[in-house]
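Peer 1: Take a look at the following structure, please.
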Amino acid sequence: MTKNYCLVESPFITYRKQIIIISAIILTIILISYILAPGIQEATKKINSKLPSTSNGFKTIIYLIIVFIIIIGILAYLFYRTVIYRRLERCLSVYELPNYPQISMNAPPTKYQNPYFNQEMTHLVQDFYILSAAQASLPCGQYNDLSSKEALQNVLKRGARWLELTVYWTPENNLDKNPKAYLSTGDKQEPTHLIFNPNKLTLEDGLKTIGEEAFKNTNIPLFICLQSNKLLDNGMLPSLFLEKQIANIWAAAFYQNIPLAKNLGLKDSLGNVQMPDAMGKAFLILNWTPSEESLINLTTDVVRPSTELYPTKGIQTIKITPADLPYGNVRGKFVSDTEMIEFNKFHLTRASFTTEPSVNNLTSPKADIANMDTTESYKMGIQIVPQHFTVFPGTKDATLKNFEFFKDGPMKLKPEQLRYIPKPAPPVRKQFEELSYAPQEYKDPRPGFAELQI
């Protein structure tokens with residue numbers, strides 16, 4: 001699991017403990033000096049003599065209020081410099097590293113020569129590993145943070161072609177008031193905790209940014225997995241108005257990249273889309289089954305819950321947590337390697353690594369995000385393993401290893417043994433009659449005995 005940090009930190013983050021201790025010591029010295037130093041008391045009396053006569057108790061309250069205001073002022077300043085000051089720039093500064101991996105945007109092959117039939121055949125989407133970005137709009141973490149256009153632009157520039165986004169809406173509790181869709185700021189309590197992001201990133205602005213950036217100088221397919229954490233008990237979005245809004249926003253952002261009609265409307269799985277049909281297209285994937293007609297007509301596939309292993313429809317999800325890593329990583333989630341490999345020859349699978357949100361992310365951006373090693377997942381033929389791109393890529397960590405895996409292109413063809421290649425049916429061998437279980441006539445060679453059928 002990759003450790004990470006902000007490359008450019010405020011000095012108030014680096015030395016925040018020392019600053020707090022020094023501030024407490026200074027305040028303590030001021031209070032002690034006031035109590036013990038006669039000169040300070042005398043000066044205070046002279047000041048007080050010019051004020052109307054008041055009780056000593058009232059004066060004490062005034063002094064305490066002043067000290068309290070000073071303390072609050074210092075803490076507020078420390079909070080600003082530690083948490084808010086240049087937060088977005090500090091989180092995105094990782095992309096400015098000279099050794100940050102660069103991905104060649106080479107187009108994936110769309111066809112291949114089948115050696116068994118000696119003819120050209122077409123690759124499918126499920127034949128490829130896809131460079132994937134987890135929570136693509138979040139540059140700093142997944143708890144009480146911010147979302148930004150710059151984060152989306154950077155993951156696209158670094159080669160991501162599968163983007164995961166989380167959508168929410170306000171007003172949340174009154175869907176009759178034309179709720180508006182926004183991209184997640186990473187907080188489970190959304191949309192109430194948005195202290196870093198007063199100018200919230202709307203879904204419309206986010207998808208527009210992606211649409212403007214995604215197909216610059218490339219026609220490699222784009223896959224956007226739009227998720228919601230606020231689904232009903234039946235797994236549906238709570239409002240058809242929201243679905244209509246999402247459909248309109250999507251159509252406006254990707255009107256030049258809408259897939260062919262045969263690949264829309266949940267008619268078939270995303271994995272079965274032929275690569276020539278996928279080139280230059282943007283595919284919408286949801287984590288719920290849409291009900292509104294216009295959204296159905298724009299959706300290609302649905303991500304299934306992690307509780308469904310080997311689903312007959314949709315994209316399989318395997319959820320990995322840090323607790324799973326010592327027990328075989330992704331292997332600990334299924335019984336047979338062979339079964340998983342065979343399943344992934346005909347379906348798409350997404351291995352999602354999740355860590356618990358933490359308030360430590362406030363003072364130490366990225367403290368609650370991490371990346372797992374993708375090696376075992378790729379050996380099983382799993383095509384999609386979303387990664388946090390702002391996690392600092394060290395020399396031998398999981399993040400760098402994943403970038404090196406995709407160095408020649410964001411869609412990498414799986415090895416032959418991990419994908420389905422049609423072969424001629426084996427020739428039918430004629431059965432030996434003596435070994436057949438079919439009824440046979442038996443004639444006893446001895447005279448006077450009848451013929452039998454056995």
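In the structure tokens, chains take the letters A, B, ... in the order shown, each chain's residues start at 1, and ligands count up from 1 in the order shown.
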Would you please extract all strand (DSSP E) residues from stretch 216-436 of chain A, as assigned by DSSP on the backbone, and give them as a list in words?
Peer 2: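 Selecting the strand (DSSP E) positions of stretch 216-436 of chain A gives Leu222, Phe223, Ile224, Cys225, Leu226, Gln227, Ala282, Phe283, Leu284, Ile285, Leu286, Thr299, Thr300, Asp301, Val302, Gln316, Thr317, Ile318, Lys319, Ile320, Thr349, Arg350, Ala351, Ser352, Phe353, Met411, Lys412 and Leu413 of chain A.
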Peer 1: Taking only C-alpha atoms into account, name the residue in A:Ala252, A:Ile210, A:Ile71, A:Ala160 that is nearest to A:Leu131.
Peer 2: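 So, comparing all the options, the nearest one is A:Ala160.
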Peer 1: Hey, what's within 7 Å of A:Ser132 if we count only C-alpha atoms and toss same-chain stuff fewer than 2 positions away? As a ChimeraX atom specification, please?
Peer 2: /A:130,134,160-163,384-387
Peer 1: Restricted to C-alpha atoms, what would the selected residues look like written as a PDB file, in the first residue's frame?
Peer 2:
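Just written: again10.pdb:
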```pdb
ATOM      1  CA  ILE A 130      -7.662   0.344 -18.353  1.00  0.00           C
ATOM      2  CA  ALA A 134     -10.413   6.846  -8.214  1.00  0.00           C
ATOM      3  CA  ALA A 160      -6.632   8.085 -17.105  1.00  0.00           C
ATOM      4  CA  ARG A 161      -9.414   6.703 -19.325  1.00  0.00           C
ATOM      5  CA  TRP A 162     -11.671   5.312 -16.601  1.00  0.00           C
ATOM      6  CA  LEU A 163     -12.782   8.114 -14.258  1.00  0.00           C
ATOM      7  CA  ILE A 384     -10.104  -1.894 -13.746  1.00  0.00           C
ATOM      8  CA  VAL A 385      -8.182  -0.997 -10.561  1.00  0.00           C
ATOM      9  CA  PRO A 386      -8.843   2.696  -9.767  1.00  0.00           C
ATOM     10  CA  GLN A 387      -5.909   4.629  -8.303  1.00  0.00           C
TER      11      GLN A 387
END
```
Peer 1: Skipping near chain neighbours, those fewer than 5 positions away, what residues fall within 8 Å of A:Gly280 using only C-alpha atoms, listed as a PyMOL selection string?
Peer 2: chain A and resi 215+218-222+257
Peer 1: Now that the selection is made, can you save its residues with C-alpha atoms as a PDB file, in the first residue's frame?
Peer 2:
```pdb
ATOM      1  CA  PHE A 215     -10.214  13.919 -26.575  1.00  0.00           C
ATOM      2  CA  THR A 218      -6.381  11.238 -28.825  1.00  0.00           C
ATOM      3  CA  ASN A 219      -9.368   9.072 -29.705  1.00  0.00           C
ATOM      4  CA  ILE A 220      -8.831   6.473 -26.972  1.00  0.00           C
ATOM      5  CA  PRO A 221     -12.224   5.550 -25.460  1.00  0.00           C
ATOM      6  CA  LEU A 222     -13.281   7.299 -22.260  1.00  0.00           C
ATOM      7  CA  ASN A 257     -18.665  11.473 -28.524  1.00  0.00           C
TER       8      ASN A 257
END
```
Peer 1: Atom CA of A:Val83 to atom CA of A:Leu152: how many Å, to one decimal?
Peer 2: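 Between atom CA of A:Val83 and atom CA of A:Leu152 the gap works out to 21.6 Å.
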Peer 1: Find the residue from A:Ile69, A:Leu231, A:Leu286, A:Leu124 that sits nearest to A:Tyr112; use only C-alpha atoms when measuring.
Peer 2: A:Leu124
Peer 1: Any idea what the distance is between atom CA of A:Asn217 and atom CA of A:Ala107?
Peer 2: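 Between atom CA of A:Asn217 and atom CA of A:Ala107 the gap works out to 10.7 Å.
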Peer 1: Would you give me, as JSON lines, each residue of stretch 359-397 of chain A having an atom within 10 Å of an atom of stretch 406-427 of chain A, along with its shortest atom pair and that distance in Å to one decimal, using only C-alpha atoms and sorting by chain and residue number?
Peer 2:
```
{"residue": "A:Tyr378", "atom": "CA", "partner": "A:Lys414", "partner_atom": "CA", "distance": 8.5}
{"residue": "A:Lys379", "atom": "CA", "partner": "A:Leu418", "partner_atom": "CA", "distance": 8.2}
{"residue": "A:Met380", "atom": "CA", "partner": "A:Leu418", "partner_atom": "CA", "distance": 7.7}
{"residue": "A:Gly381", "atom": "CA", "partner": "A:Leu418", "partner_atom": "CA", "distance": 5.7}
{"residue": "A:Ile382", "atom": "CA", "partner": "A:Leu418", "partner_atom": "CA", "distance": 9.3}
{"residue": "A:Gln383", "atom": "CA", "partner": "A:Lys414", "partner_atom": "CA", "distance": 8.5}
```
Peer 1: Pull N, CA and C atoms from the residues just selected and write them as an mmCIF file, in the first residue's frame.
Peer 2:
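As a result, part_6.cif now contains:
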```cif
data_model
loop_
_atom_site.group_PDB
_atom_site.id
_atom_site.type_symbol
_atom_site.label_atom_id
_atom_site.label_comp_id
_atom_site.auth_asym_id
_atom_site.auth_seq_id
_atom_site.Cartn_x
_atom_site.Cartn_y
_atom_site.Cartn_z
ATOM 1 N N TYR A 378 -4.194 -7.774 -11.816
ATOM 2 C CA TYR A 378 -3.942 -7.925 -13.250
ATOM 3 C C TYR A 378 -3.651 -9.384 -13.617
ATOM 4 N N LYS A 379 -3.042 -10.129 -12.710
ATOM 5 C CA LYS A 379 -2.801 -11.548 -12.976
ATOM 6 C C LYS A 379 -4.112 -12.325 -13.105
ATOM 7 N N MET A 380 -5.154 -11.840 -12.424
ATOM 8 C CA MET A 380 -6.468 -12.480 -12.489
ATOM 9 C C MET A 380 -7.288 -11.995 -13.690
ATOM 10 N N GLY A 381 -6.704 -11.106 -14.487
ATOM 11 C CA GLY A 381 -7.428 -10.588 -15.647
ATOM 12 C C GLY A 381 -8.383 -9.460 -15.309
ATOM 13 N N ILE A 382 -8.314 -8.924 -14.071
ATOM 14 C CA ILE A 382 -9.176 -7.808 -13.678
ATOM 15 C C ILE A 382 -8.733 -6.570 -14.439
ATOM 16 N N GLN A 383 -9.678 -5.928 -15.115
ATOM 17 C CA GLN A 383 -9.330 -4.848 -16.039
ATOM 18 C C GLN A 383 -9.234 -3.478 -15.386
#
```
Peer 1: Please report, as a VMD selection string, each residue of stretch 273-434 of chain A to which DSSP assigns helix (DSSP H, G or I) when run on this structure's backbone.
Peer 2: chain A and resid 275 to 278 293 to 296 322 to 327 329 to 333 337 to 344 360 to 363 375 to 379 398 to 405 416 to 418 433 to 434
Peer 1: Take the residues that were just selected and, keeping N, CA and C atoms, output them as a short mmCIF file (atom, residue, chain, number, x, y, z; two decimals), in the first residue's frame.
Peer 2:
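And here's result_2.cif as it stands now:
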```
data_model
loop_
_atom_site.label_atom_id
_atom_site.label_comp_id
_atom_site.auth_asym_id
_atom_site.auth_seq_id
_atom_site.Cartn_x
_atom_site.Cartn_y
_atom_site.Cartn_z
N MET A 275 -13.90 -2.76 -30.11
CA MET A 275 -12.98 -1.62 -30.01
C MET A 275 -13.09 -0.63 -31.17
N PRO A 276 -13.31 -1.05 -32.41
CA PRO A 276 -13.49 -0.04 -33.46
C PRO A 276 -14.69 0.87 -33.19
N ASP A 277 -15.74 0.32 -32.57
CA ASP A 277 -16.92 1.13 -32.22
C ASP A 277 -16.66 2.01 -31.01
N ALA A 278 -15.68 1.64 -30.18
CA ALA A 278 -15.42 2.38 -28.94
C ALA A 278 -14.51 3.58 -29.15
N GLU A 293 -36.10 7.48 -18.95
CA GLU A 293 -35.85 6.99 -20.30
C GLU A 293 -34.61 7.61 -20.94
N SER A 294 -34.45 8.93 -20.85
CA SER A 294 -33.32 9.58 -21.51
C SER A 294 -31.99 9.14 -20.91
N LEU A 295 -31.96 8.87 -19.60
CA LEU A 295 -30.71 8.39 -18.98
C LEU A 295 -30.45 6.94 -19.36
N ILE A 296 -31.50 6.14 -19.44
CA ILE A 296 -31.33 4.76 -19.90
C ILE A 296 -30.71 4.74 -21.29
N PRO A 322 -7.73 -2.27 3.57
CA PRO A 322 -6.39 -2.57 4.11
C PRO A 322 -6.34 -3.88 4.88
N ALA A 323 -7.44 -4.26 5.51
CA ALA A 323 -7.45 -5.51 6.27
C ALA A 323 -7.33 -6.73 5.38
N ASP A 324 -7.67 -6.59 4.09
CA ASP A 324 -7.60 -7.73 3.16
C ASP A 324 -6.20 -7.96 2.61
N LEU A 325 -5.34 -6.96 2.70
CA LEU A 325 -4.03 -7.06 2.04
C LEU A 325 -3.18 -8.22 2.57
N PRO A 326 -3.16 -8.49 3.89
CA PRO A 326 -2.33 -9.62 4.34
C PRO A 326 -2.91 -10.98 3.98
N TYR A 327 -4.15 -11.02 3.50
CA TYR A 327 -4.82 -12.29 3.24
C TYR A 327 -5.05 -12.53 1.75
N ASN A 329 -4.77 -10.20 -0.74
CA ASN A 329 -5.19 -9.07 -1.56
C ASN A 329 -6.50 -9.43 -2.25
N VAL A 330 -6.55 -9.29 -3.57
CA VAL A 330 -7.79 -9.58 -4.28
C VAL A 330 -8.09 -11.08 -4.30
N ARG A 331 -7.07 -11.90 -4.13
CA ARG A 331 -7.28 -13.36 -4.18
C ARG A 331 -8.16 -13.86 -3.04
N GLY A 332 -8.14 -13.14 -1.92
CA GLY A 332 -8.92 -13.57 -0.78
C GLY A 332 -10.41 -13.41 -0.95
N LYS A 333 -10.85 -12.85 -2.08
CA LYS A 333 -12.27 -12.57 -2.30
C LYS A 333 -12.98 -13.65 -3.10
N ASP A 337 -8.78 -19.26 -8.59
CA ASP A 337 -8.14 -18.36 -9.56
C ASP A 337 -8.66 -18.64 -10.96
N THR A 338 -8.83 -19.90 -11.29
CA THR A 338 -9.26 -20.28 -12.64
C THR A 338 -10.65 -19.73 -12.94
N GLU A 339 -11.55 -19.81 -11.96
CA GLU A 339 -12.90 -19.28 -12.16
C GLU A 339 -12.88 -17.78 -12.43
N MET A 340 -12.07 -17.05 -11.65
CA MET A 340 -11.99 -15.60 -11.84
C MET A 340 -11.40 -15.26 -13.20
N ILE A 341 -10.35 -15.95 -13.60
CA ILE A 341 -9.72 -15.69 -14.89
C ILE A 341 -10.72 -15.96 -16.02
N GLU A 342 -11.44 -17.07 -15.94
CA GLU A 342 -12.42 -17.40 -16.98
C GLU A 342 -13.54 -16.38 -17.02
N PHE A 343 -14.00 -15.94 -15.84
CA PHE A 343 -15.06 -14.94 -15.79
C PHE A 343 -14.61 -13.65 -16.47
N ASN A 344 -13.38 -13.24 -16.21
CA ASN A 344 -12.87 -11.97 -16.76
C ASN A 344 -12.54 -12.04 -18.25
N ASN A 360 -7.86 13.36 10.00
CA ASN A 360 -6.45 13.71 9.83
C ASN A 360 -6.19 14.33 8.47
N ASN A 361 -7.12 14.07 7.53
CA ASN A 361 -6.96 14.64 6.21
C ASN A 361 -7.08 16.17 6.23
N LEU A 362 -7.69 16.73 7.27
CA LEU A 362 -7.82 18.18 7.36
C LEU A 362 -6.46 18.85 7.48
N THR A 363 -5.65 18.36 8.40
CA THR A 363 -4.34 18.99 8.63
C THR A 363 -3.24 18.35 7.80
N THR A 375 -0.69 -5.79 -8.92
CA THR A 375 -0.12 -6.96 -9.59
C THR A 375 -1.06 -8.15 -9.58
N GLU A 376 -1.57 -8.52 -8.38
CA GLU A 376 -2.43 -9.70 -8.27
C GLU A 376 -3.72 -9.52 -9.06
N SER A 377 -4.25 -8.30 -9.06
CA SER A 377 -5.49 -8.06 -9.80
C SER A 377 -5.29 -8.29 -11.29
N TYR A 378 -4.19 -7.77 -11.82
CA TYR A 378 -3.94 -7.92 -13.25
C TYR A 378 -3.65 -9.38 -13.62
N LYS A 379 -3.04 -10.13 -12.71
CA LYS A 379 -2.80 -11.55 -12.98
C LYS A 379 -4.11 -12.32 -13.10
N ALA A 398 3.43 1.13 -4.99
CA ALA A 398 2.36 0.61 -5.83
C ALA A 398 1.95 1.58 -6.92
N THR A 399 1.94 2.88 -6.59
CA THR A 399 1.52 3.88 -7.57
C THR A 399 2.45 3.89 -8.77
N LEU A 400 3.73 3.94 -8.51
CA LEU A 400 4.71 3.97 -9.60
C LEU A 400 4.66 2.68 -10.41
N LYS A 401 4.49 1.55 -9.72
CA LYS A 401 4.42 0.27 -10.42
C LYS A 401 3.25 0.25 -11.40
N ASN A 402 2.12 0.82 -10.97
CA ASN A 402 0.95 0.84 -11.85
C ASN A 402 1.18 1.74 -13.05
N PHE A 403 1.82 2.88 -12.87
CA PHE A 403 2.12 3.76 -13.99
C PHE A 403 3.10 3.09 -14.96
N GLU A 404 4.07 2.39 -14.43
CA GLU A 404 5.02 1.69 -15.31
C GLU A 404 4.32 0.61 -16.12
N PHE A 405 3.30 -0.01 -15.53
CA PHE A 405 2.53 -1.04 -16.23
C PHE A 405 1.86 -0.45 -17.47
N GLU A 416 -2.62 -13.37 -23.95
CA GLU A 416 -3.53 -14.29 -24.63
C GLU A 416 -4.23 -15.24 -23.67
N GLN A 417 -3.49 -15.71 -22.65
CA GLN A 417 -4.09 -16.69 -21.74
C GLN A 417 -5.15 -16.07 -20.83
N LEU A 418 -5.26 -14.73 -20.83
CA LEU A 418 -6.25 -14.07 -19.98
C LEU A 418 -7.42 -13.48 -20.77
N GLU A 433 -18.63 -48.67 -31.72
CA GLU A 433 -19.93 -49.26 -31.43
C GLU A 433 -19.87 -50.18 -30.22
N GLU A 434 -18.73 -50.86 -30.04
CA GLU A 434 -18.61 -51.78 -28.92
C GLU A 434 -18.67 -51.06 -27.59
#
```
Peer 1: Which residues are near A:Leu240? Cut-off 10 Å, only C-alpha atoms, ignore same chain within fewer than 3 positions. Put them as a VMD selection string.
Peer 2: chain A and resid 175 236 to 237 243 to 246 290 to 293 295
Peer 1: For A:Glu96, work out the shell of residues within 12 Å, counting only C-alpha atoms and skipping chain neighbours fewer than 3 positions away, then give it as a list in words.
Peer 2: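 The residues satisfying every condition are Cys6, Leu7, Val8, Glu89, Arg90, Cys91, Leu92, Ser93, Asn99, Tyr100, Pro101, Gln102, Asn154, Arg158, Thr390 and Phe392 of chain A.
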Peer 1: Report, in Å to a single decimal, how far apart atom CA of A:Ala133 and atom CA of A:Asn106 are.
Peer 2: 18.2 Å
Peer 1: Using only C-alpha atoms, find the one residue out of A:Leu226, A:Val428, A:Val359, A:Met279 that sits nearest to A:Thr110.
Peer 2: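 Residue with the minimum atom-to-atom distance to A:Thr110: A:Met279.
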Peer 1: Excluding A:Phe353 and its own-chain neighbours fewer than 3 positions away, which residues fall within 7 Å of it when counting only C-alpha atoms? Please give them as a list in words.
Peer 2: Lys319, Ile320, Thr321 and Met372 of chain A
Peer 1: Hey, which of A:Asn114, A:Ser228, A:Gln142, A:Gln316 ends up closest to A:Trp169? Count only C-alpha atoms.
Peer 2: A:Ser228
